[in-house]
$ cat query-v7.cif   # mmCIF, C-alpha atoms
data_query
#
loop_
_atom_site.group_PDB
_atom_site.id
_atom_site.type_symbol
_atom_site.label_atom_id
_atom_site.label_comp_id
_atom_site.auth_asym_id
_atom_site.auth_seq_id
_atom_site.Cartn_x
_atom_site.Cartn_y
_atom_site.Cartn_z
ATOM 1 C CA MET A 1 89.148 107.925 138.527
ATOM 2 C CA LEU A 2 90.696 108.772 141.837
ATOM 3 C CA ASP A 3 88.766 108.756 145.094
ATOM 4 C CA LEU A 4 87.621 112.078 146.546
ATOM 5 C CA THR A 5 88.346 113.447 149.978
ATOM 6 C CA ARG A 6 85.212 114.305 151.977
ATOM 7 C CA PRO A 7 85.618 118.094 151.386
ATOM 8 C CA ALA A 8 86.144 117.447 147.657
ATOM 9 C CA GLN A 9 83.014 115.288 147.624
ATOM 10 C CA ASP A 10 81.036 118.140 149.238
ATOM 11 C CA ILE A 11 82.332 120.666 146.680
ATOM 12 C CA TRP A 12 81.480 118.314 143.816
ATOM 13 C CA LEU A 13 77.987 117.646 145.169
ATOM 14 C CA ASP A 14 77.284 121.392 145.535
ATOM 15 C CA PHE A 15 78.484 121.976 141.978
ATOM 16 C CA TYR A 16 76.430 119.080 140.639
ATOM 17 C CA ASN A 17 73.284 120.307 142.407
ATOM 18 C CA ASP A 18 73.802 123.902 141.239
ATOM 19 C CA VAL A 19 74.109 122.805 137.612
ATOM 20 C CA GLU A 20 71.109 120.471 137.935
ATOM 21 C CA ALA A 21 69.023 123.333 139.333
ATOM 22 C CA GLN A 22 69.981 125.513 136.356
ATOM 23 C CA MET A 23 68.851 122.816 133.910
ATOM 24 C CA GLY A 24 65.168 123.324 134.805
ATOM 25 C CA ASN A 25 62.814 124.919 132.283
ATOM 26 C CA ALA A 26 63.487 128.427 133.606
ATOM 27 C CA GLY A 27 67.167 127.816 134.380
ATOM 28 C CA GLN A 28 70.228 129.262 132.718
ATOM 29 C CA TYR A 29 71.169 125.887 131.204
ATOM 30 C CA ALA A 30 67.706 124.783 130.056
ATOM 31 C CA LEU A 31 68.634 125.181 126.384
ATOM 32 C CA ILE A 32 71.852 123.194 126.707
ATOM 33 C CA ARG A 33 70.541 120.505 129.049
ATOM 34 C CA PRO A 34 72.319 117.566 127.304
ATOM 35 C CA PHE A 35 75.687 119.277 127.617
ATOM 36 C CA ALA A 36 75.087 120.638 131.120
ATOM 37 C CA ALA A 37 73.936 117.210 132.329
ATOM 38 C CA ARG A 38 77.504 115.966 131.914
ATOM 39 C CA ALA A 39 79.034 118.787 133.975
ATOM 40 C CA GLY A 40 79.288 116.742 137.175
ATOM 41 C CA GLU A 41 81.037 113.892 135.401
ATOM 42 C CA GLN A 42 83.320 116.314 133.572
ATOM 43 C CA ALA A 43 84.279 118.004 136.852
ATOM 44 C CA ARG A 44 85.302 114.642 138.330
ATOM 45 C CA ARG A 45 87.382 113.831 135.263
ATOM 46 C CA VAL A 46 89.108 117.217 135.225
ATOM 47 C CA ALA A 47 89.759 116.951 138.984
ATOM 48 C CA THR A 48 91.334 113.530 138.420
ATOM 49 C CA VAL A 49 93.694 115.014 135.839
ATOM 50 C CA LEU A 50 94.566 117.977 138.076
ATOM 51 C CA ALA A 51 95.222 115.707 141.059
ATOM 52 C CA GLY A 52 97.303 113.409 138.861
ATOM 53 C CA PHE A 53 99.475 116.312 137.713
ATOM 54 C CA ALA A 54 99.918 117.316 141.348
ATOM 55 C CA GLY A 55 101.081 113.783 142.136
ATOM 56 C CA ALA A 56 98.184 113.131 144.505
ATOM 57 C CA ASN A 57 96.525 109.756 144.958
ATOM 58 C CA ARG A 58 93.156 111.321 145.894
ATOM 59 C CA ILE A 59 91.192 114.328 144.652
ATOM 60 C CA ASP A 60 91.349 117.057 147.273
ATOM 61 C CA GLU A 61 89.232 120.199 147.605
ATOM 62 C CA THR A 62 91.731 122.361 145.704
ATOM 63 C CA ALA A 63 91.661 120.118 142.644
ATOM 64 C CA MET A 64 87.866 119.853 142.797
ATOM 65 C CA GLU A 65 87.362 123.613 143.170
ATOM 66 C CA GLN A 66 89.609 124.238 140.177
ATOM 67 C CA ALA A 67 87.863 121.536 138.152
ATOM 68 C CA CYS A 68 84.425 122.911 138.967
ATOM 69 C CA ARG A 69 85.496 126.409 137.927
ATOM 70 C CA LEU A 70 86.858 125.093 134.623
ATOM 71 C CA VAL A 71 83.752 123.070 133.863
ATOM 72 C CA GLU A 72 81.462 125.921 134.916
ATOM 73 C CA HIS A 73 83.327 128.192 132.504
ATOM 74 C CA SER A 74 82.926 125.605 129.754
ATOM 75 C CA VAL A 75 79.187 125.198 130.361
ATOM 76 C CA THR A 76 78.716 128.968 130.506
ATOM 77 C CA GLU A 77 80.546 129.345 127.193
ATOM 78 C CA TRP A 78 78.390 126.626 125.619
ATOM 79 C CA HIS A 79 75.344 128.521 126.828
ATOM 80 C CA ARG A 80 76.655 131.826 125.484
ATOM 81 C CA HIS A 81 77.440 130.390 122.062
ATOM 82 C CA SER A 82 74.196 128.418 121.888
ATOM 83 C CA THR A 83 72.024 131.399 122.674
ATOM 84 C CA ALA A 84 73.920 134.063 120.746
ATOM 85 C CA ARG A 85 71.568 135.788 118.385
ATOM 86 C CA ALA A 86 72.380 136.075 114.742
ATOM 87 C CA ALA A 87 72.750 139.610 113.499
ATOM 88 C CA ASP A 88 69.419 141.152 112.528
ATOM 89 C CA PRO A 89 69.383 141.316 108.700
ATOM 90 C CA GLN A 90 67.663 144.729 108.846
ATOM 91 C CA LEU A 91 70.488 146.103 111.024
ATOM 92 C CA VAL A 92 73.122 144.606 108.741
ATOM 93 C CA ALA A 93 71.458 146.165 105.681
ATOM 94 C CA ALA A 94 71.172 149.513 107.499
ATOM 95 C CA LYS A 95 74.893 149.386 108.335
ATOM 96 C CA ASP A 96 75.668 148.549 104.704
ATOM 97 C CA LEU A 97 73.570 151.508 103.568
ATOM 98 C CA LEU A 98 75.300 153.804 106.044
ATOM 99 C CA ASP A 99 78.697 152.642 104.772
ATOM 100 C CA TRP A 100 77.520 153.218 101.193
ATOM 101 C CA LEU A 101 76.253 156.742 102.019
ATOM 102 C CA LYS A 102 79.584 157.656 103.607
ATOM 103 C CA ALA A 103 81.634 156.142 100.784
ATOM 104 C CA LYS A 104 79.638 158.100 98.195
ATOM 105 C CA GLY A 105 79.792 161.317 100.209
ATOM 106 C CA TRP A 106 76.018 161.517 100.582
ATOM 107 C CA ASN A 107 76.057 163.634 103.728
ATOM 108 C CA ASP A 108 72.720 165.227 102.751
ATOM 109 C CA PHE A 109 70.175 163.612 100.426
ATOM 110 C CA HIS A 110 66.503 163.304 99.576
ATOM 111 C CA ARG A 111 64.860 159.887 99.999
ATOM 112 C CA ASP A 112 63.720 159.945 96.349
ATOM 113 C CA LYS A 113 67.345 160.295 95.209
ATOM 114 C CA LEU A 114 68.193 157.236 97.325
ATOM 115 C CA GLY A 115 65.341 155.363 95.647
ATOM 116 C CA LYS A 116 66.685 156.219 92.185
ATOM 117 C CA SER A 117 70.447 156.285 92.634
ATOM 118 C CA GLY A 118 71.095 154.321 95.833
ATOM 119 C CA PRO A 119 72.211 150.712 96.161
ATOM 120 C CA SER A 120 69.781 148.163 94.687
ATOM 121 C CA TYR A 121 68.636 146.813 98.091
ATOM 122 C CA ALA A 122 67.498 150.331 99.092
ATOM 123 C CA ARG A 123 65.635 151.359 95.948
ATOM 124 C CA LYS A 124 62.183 149.956 96.655
ATOM 125 C CA ALA A 125 60.204 152.371 98.827
ATOM 126 C CA LYS A 126 59.366 149.875 101.578
ATOM 127 C CA ALA A 127 62.951 148.654 101.953
ATOM 128 C CA ARG A 128 64.367 152.177 101.676
ATOM 129 C CA ASP A 129 61.984 153.612 104.263
ATOM 130 C CA GLY A 130 62.654 150.738 106.657
ATOM 131 C CA LEU A 131 66.406 151.217 106.413
ATOM 132 C CA LEU A 132 66.118 154.977 106.851
ATOM 133 C CA GLU A 133 63.923 154.405 109.904
ATOM 134 C CA VAL A 134 66.548 152.105 111.447
ATOM 135 C CA LEU A 135 69.292 154.650 110.811
ATOM 136 C CA ILE A 136 67.215 157.432 112.378
ATOM 137 C CA GLU A 137 66.334 155.228 115.344
ATOM 138 C CA HIS A 138 70.028 154.543 115.900
ATOM 139 C CA ARG A 139 70.816 158.239 115.456
ATOM 140 C CA GLN A 140 72.968 157.703 112.400
ATOM 141 C CA LEU A 141 70.758 159.957 110.278
ATOM 142 C CA LEU A 142 68.890 163.134 111.097
ATOM 143 C CA SER A 143 65.679 164.318 109.437
ATOM 144 C CA VAL A 144 62.980 166.829 110.234
ATOM 145 C CA ASP A 145 60.441 165.696 107.633
ATOM 146 C CA ASN A 146 61.496 162.097 106.753
ATOM 147 C CA LYS A 147 62.183 163.280 103.224
ATOM 148 C CA VAL A 148 65.542 165.032 103.482
ATOM 149 C CA PHE A 149 68.224 163.243 105.511
ATOM 150 C CA HIS A 150 71.586 164.260 106.940
ATOM 151 C CA LEU A 151 74.364 162.043 108.243
ATOM 152 C CA ASN A 152 74.693 162.674 111.956
ATOM 153 C CA PRO A 153 78.244 163.985 112.431
ATOM 154 C CA LEU A 154 78.183 162.906 116.088
ATOM 155 C CA ALA A 155 77.037 159.344 115.456
ATOM 156 C CA GLU A 156 79.114 156.274 116.159
ATOM 157 C CA VAL A 157 78.752 153.496 113.610
ATOM 158 C CA GLU A 158 79.074 150.732 116.223
ATOM 159 C CA ASP A 159 75.611 151.554 117.566
ATOM 160 C CA VAL A 160 73.965 150.243 114.396
ATOM 161 C CA ALA A 161 75.759 146.890 114.266
ATOM 162 C CA GLU A 162 74.793 145.805 117.774
ATOM 163 C CA THR A 163 71.961 143.428 118.626
#

$ encode --input "query-v7.cif" --output "structure tokens"
Amino acid sequence: MLDLTRPAQDIWLDFYNDVEAQMGNAGQYALIRPFAARAGEQARRVATVLAGFAGANRIDETAMEQACRLVEHSVTEWHRHSTARAADPQLVAAKDLLDWLKAKGWNDFHRDKLGKSGPSYARKAKARDGLLEVLIEHRQLLSVDNKVFHLNPLAEVEDVAET
């Protein structure tokens, strides 16, 4: 590795300390501590490469700032991917049911008809009622009595698939 100029050393030390602080139990990087712990070392390595491409014999503040931004982006992406929630199976099933209702042209229907003639995963009362509840909650279906349902013509399907 190349030596650092004093300003580059200061930038690296600030970056290192910021990442270390975020690795605490309540920090942003607590769940990816093993990966985040290498951020300081990675920043020095990336800065060495950047300085080398620039033809420099030392790492200056420009190379270190760029390296820290790249490594910070990488750590943030690791965090995002590591903490991304899997799709809620109930929401996925509700979206599938909504797609099925639209494909079959069931704009208006009684819940008992869904229990008898709907897709197999929505035939049991508990599953059916749970899915209908999700679709009402997400304003995909309308109902006054929770027996007769209507597809909401103003609804956007994307609302159901989120979270």

$ resolve_selection --input "query-v7.cif" --expression "the PyMOL selection byres ((chain A and resi 5-21) around 12)" --output "ChimeraX atom specification"
/A:2-4,22-30,32-48,51,56-73,75-76

$ atom_distance --input "query-v7.cif" --atom1 "atom CA of A:Asp96" --atom2 "atom CA of A:His81"
25.2 Å

$ residues_around --input "query-v7.cif" --residues "A:Leu151" --least-positions-apart "3" --cutoff "10 Å" --atoms "all atoms listed in the file" --output "list in words"
Leu98, Leu101, Lys102, Gly105, Trp106, Asn107, Asp108, Phe109, Leu135, Ile136, Arg139, Gln140, Leu141, Leu142, Ser143, Leu154 and Ala155 of chain A

$ closest_residue --input "query-v7.cif" --among "A:Leu97, A:Val92, A:Asn146, A:Ser74" --to "A:Arg123" --atoms "only C-alpha atoms"
A:Leu97

$ residues_around --input "query-v7.cif" --residues "A:Asp112" --least-positions-apart "6" --cutoff "9 Å" --atoms "all atoms listed in the file" --output "PyMOL selection string"
chain A and resi 123+125+147-148

$ atom_distance --input "query-v7.cif" --atom1 "atom CA of A:Ser120" --atom2 "atom CA of A:Phe149"
18.6 Å

$ closest_residue --input "query-v7.cif" --among "A:Met1, A:Arg128, A:Val144, A:Pro153" --to "A:Gln90" --atoms "only C-alpha atoms"
A:Arg128

$ closest_residue --input "query-v7.cif" --among "A:Glu77, A:Tyr121, A:Ala54, A:Ala94" --to "A:Glu137" --atoms "all atoms listed in the file"
A:Ala94

$ closest_residue --input "query-v7.cif" --among "A:Val49, A:Leu114, A:Leu131, A:Ala103" --to "A:Pro89" --atoms "only C-alpha atoms"
A:Leu131

$ closest_residue --input "query-v7.cif" --among "A:Leu50, A:Leu31, A:Gly55, A:Asp99" --to "A:Gly118" --atoms "all atoms listed in the file"
A:Asp99

$ decode --input "query-v7.cif" --residues "stretch 2-116 of chain A" --atoms "C-alpha atoms" --output "mmCIF file, in the first residue's frame"
data_model
loop_
_atom_site.group_PDB
_atom_site.id
_atom_site.type_symbol
_atom_site.label_atom_id
_atom_site.label_comp_id
_atom_site.auth_asym_id
_atom_site.auth_seq_id
_atom_site.Cartn_x
_atom_site.Cartn_y
_atom_site.Cartn_z
ATOM 1 C CA LEU A 2 1.014 3.558 -0.618
ATOM 2 C CA ASP A 3 1.640 6.050 2.163
ATOM 3 C CA LEU A 4 -1.061 8.603 2.960
ATOM 4 C CA THR A 5 -0.718 12.352 3.033
ATOM 5 C CA ARG A 6 -1.714 13.916 6.367
ATOM 6 C CA PRO A 7 -5.096 15.172 5.007
ATOM 7 C CA ALA A 8 -5.776 11.715 3.529
ATOM 8 C CA GLN A 9 -4.921 10.148 6.886
ATOM 9 C CA ASP A 10 -7.421 12.480 8.606
ATOM 10 C CA ILE A 11 -10.165 11.611 6.092
ATOM 11 C CA TRP A 12 -9.482 7.895 6.517
ATOM 12 C CA LEU A 13 -9.512 8.143 10.315
ATOM 13 C CA ASP A 14 -12.852 10.018 10.283
ATOM 14 C CA PHE A 15 -14.319 7.386 7.969
ATOM 15 C CA TYR A 16 -12.972 4.540 10.088
ATOM 16 C CA ASN A 17 -14.379 6.066 13.286
ATOM 17 C CA ASP A 18 -17.775 6.751 11.688
ATOM 18 C CA VAL A 19 -18.097 3.142 10.540
ATOM 19 C CA GLU A 20 -16.912 1.830 13.920
ATOM 20 C CA ALA A 21 -19.538 3.959 15.673
ATOM 21 C CA GLN A 22 -22.250 2.507 13.421
ATOM 22 C CA MET A 23 -21.197 -1.049 14.304
ATOM 23 C CA GLY A 24 -22.483 -0.708 17.890
ATOM 24 C CA ASN A 25 -25.579 -2.627 18.976
ATOM 25 C CA ALA A 26 -27.906 0.227 18.005
ATOM 26 C CA GLY A 27 -25.901 1.300 14.949
ATOM 27 C CA GLN A 28 -26.800 1.051 11.296
ATOM 28 C CA TYR A 29 -24.142 -1.617 10.680
ATOM 29 C CA ALA A 30 -24.731 -3.746 13.786
ATOM 30 C CA LEU A 31 -26.168 -6.612 11.729
ATOM 31 C CA ILE A 32 -23.286 -6.635 9.258
ATOM 32 C CA ARG A 33 -20.487 -6.032 11.756
ATOM 33 C CA PRO A 34 -18.025 -8.554 10.201
ATOM 34 C CA PHE A 35 -18.309 -6.899 6.802
ATOM 35 C CA ALA A 36 -18.358 -3.333 8.129
ATOM 36 C CA ALA A 37 -15.295 -4.023 10.291
ATOM 37 C CA ARG A 38 -13.225 -4.295 7.114
ATOM 38 C CA ALA A 39 -14.402 -0.947 5.717
ATOM 39 C CA GLY A 40 -11.334 0.980 6.882
ATOM 40 C CA GLU A 41 -8.970 -1.532 5.325
ATOM 41 C CA GLN A 42 -11.031 -1.630 2.137
ATOM 42 C CA ALA A 43 -10.948 2.173 1.879
ATOM 43 C CA ARG A 44 -7.142 2.143 2.088
ATOM 44 C CA ARG A 45 -6.930 -0.526 -0.600
ATOM 45 C CA VAL A 46 -9.328 1.275 -2.933
ATOM 46 C CA ALA A 47 -7.466 4.562 -2.347
ATOM 47 C CA THR A 48 -4.204 2.820 -3.254
ATOM 48 C CA VAL A 49 -5.709 1.657 -6.543
ATOM 49 C CA LEU A 50 -7.155 5.103 -7.306
ATOM 50 C CA ALA A 51 -3.845 6.813 -6.531
ATOM 51 C CA GLY A 52 -2.013 4.238 -8.641
ATOM 52 C CA PHE A 53 -4.269 4.932 -11.624
ATOM 53 C CA ALA A 54 -3.623 8.643 -11.150
ATOM 54 C CA GLY A 55 0.116 7.958 -11.242
ATOM 55 C CA ALA A 56 0.647 9.212 -7.696
ATOM 56 C CA ASN A 57 3.215 7.791 -5.301
ATOM 57 C CA ARG A 58 1.128 8.699 -2.220
ATOM 58 C CA ILE A 59 -2.584 8.605 -1.409
ATOM 59 C CA ASP A 60 -3.910 12.151 -1.342
ATOM 60 C CA GLU A 61 -7.192 13.467 0.058
ATOM 61 C CA THR A 62 -8.985 13.229 -3.297
ATOM 62 C CA ALA A 63 -8.218 9.532 -3.680
ATOM 63 C CA MET A 64 -9.151 8.857 -0.051
ATOM 64 C CA GLU A 65 -12.435 10.778 -0.269
ATOM 65 C CA GLN A 66 -13.388 8.849 -3.394
ATOM 66 C CA ALA A 67 -12.370 5.547 -1.810
ATOM 67 C CA CYS A 68 -14.360 6.252 1.340
ATOM 68 C CA ARG A 69 -17.446 7.107 -0.713
ATOM 69 C CA LEU A 70 -17.116 3.873 -2.698
ATOM 70 C CA VAL A 71 -16.646 1.735 0.389
ATOM 71 C CA GLU A 72 -19.458 3.519 2.230
ATOM 72 C CA HIS A 73 -21.742 2.768 -0.714
ATOM 73 C CA SER A 74 -20.667 -0.873 -0.624
ATOM 74 C CA VAL A 75 -21.286 -1.204 3.121
ATOM 75 C CA THR A 76 -24.655 0.528 2.802
ATOM 76 C CA GLU A 77 -25.648 -1.868 0.020
ATOM 77 C CA TRP A 78 -24.576 -4.857 2.126
ATOM 78 C CA HIS A 79 -26.742 -3.504 4.918
ATOM 79 C CA ARG A 80 -29.698 -2.957 2.593
ATOM 80 C CA HIS A 81 -29.494 -6.453 1.134
ATOM 81 C CA SER A 82 -28.892 -8.081 4.515
ATOM 82 C CA THR A 83 -31.880 -6.450 6.137
ATOM 83 C CA ALA A 84 -34.312 -6.596 3.228
ATOM 84 C CA ARG A 85 -37.458 -8.316 4.334
ATOM 85 C CA ALA A 86 -38.826 -11.227 2.417
ATOM 86 C CA ALA A 87 -42.245 -10.661 0.947
ATOM 87 C CA ASP A 88 -45.022 -11.424 3.421
ATOM 88 C CA PRO A 89 -46.625 -14.706 2.263
ATOM 89 C CA GLN A 90 -50.085 -13.360 3.181
ATOM 90 C CA LEU A 91 -49.546 -10.324 0.922
ATOM 91 C CA VAL A 92 -48.263 -12.513 -1.897
ATOM 92 C CA ALA A 93 -51.310 -14.793 -1.607
ATOM 93 C CA ALA A 94 -53.620 -11.753 -1.502
ATOM 94 C CA LYS A 95 -51.997 -10.401 -4.681
ATOM 95 C CA ASP A 96 -52.395 -13.812 -6.321
ATOM 96 C CA LEU A 97 -56.068 -13.861 -5.343
ATOM 97 C CA LEU A 98 -56.568 -10.349 -6.690
ATOM 98 C CA ASP A 99 -54.949 -11.365 -9.984
ATOM 99 C CA TRP A 100 -57.182 -14.452 -10.094
ATOM 100 C CA LEU A 101 -60.335 -12.378 -9.415
ATOM 101 C CA LYS A 102 -59.457 -9.973 -12.225
ATOM 102 C CA ALA A 103 -58.552 -12.749 -14.662
ATOM 103 C CA LYS A 104 -61.873 -14.499 -14.005
ATOM 104 C CA GLY A 105 -63.854 -11.264 -14.223
ATOM 105 C CA TRP A 106 -65.100 -11.535 -10.645
ATOM 106 C CA ASN A 107 -65.734 -7.825 -10.181
ATOM 107 C CA ASP A 108 -68.559 -8.573 -7.713
ATOM 108 C CA PHE A 109 -68.855 -11.795 -5.707
ATOM 109 C CA HIS A 110 -70.089 -13.345 -2.487
ATOM 110 C CA ARG A 111 -67.492 -14.807 -0.106
ATOM 111 C CA ASP A 112 -69.289 -18.182 -0.162
ATOM 112 C CA LYS A 113 -68.859 -18.363 -3.950
ATOM 113 C CA LEU A 114 -65.131 -17.731 -3.449
ATOM 114 C CA GLY A 115 -65.057 -20.558 -0.908
ATOM 115 C CA LYS A 116 -66.678 -22.958 -3.385
#
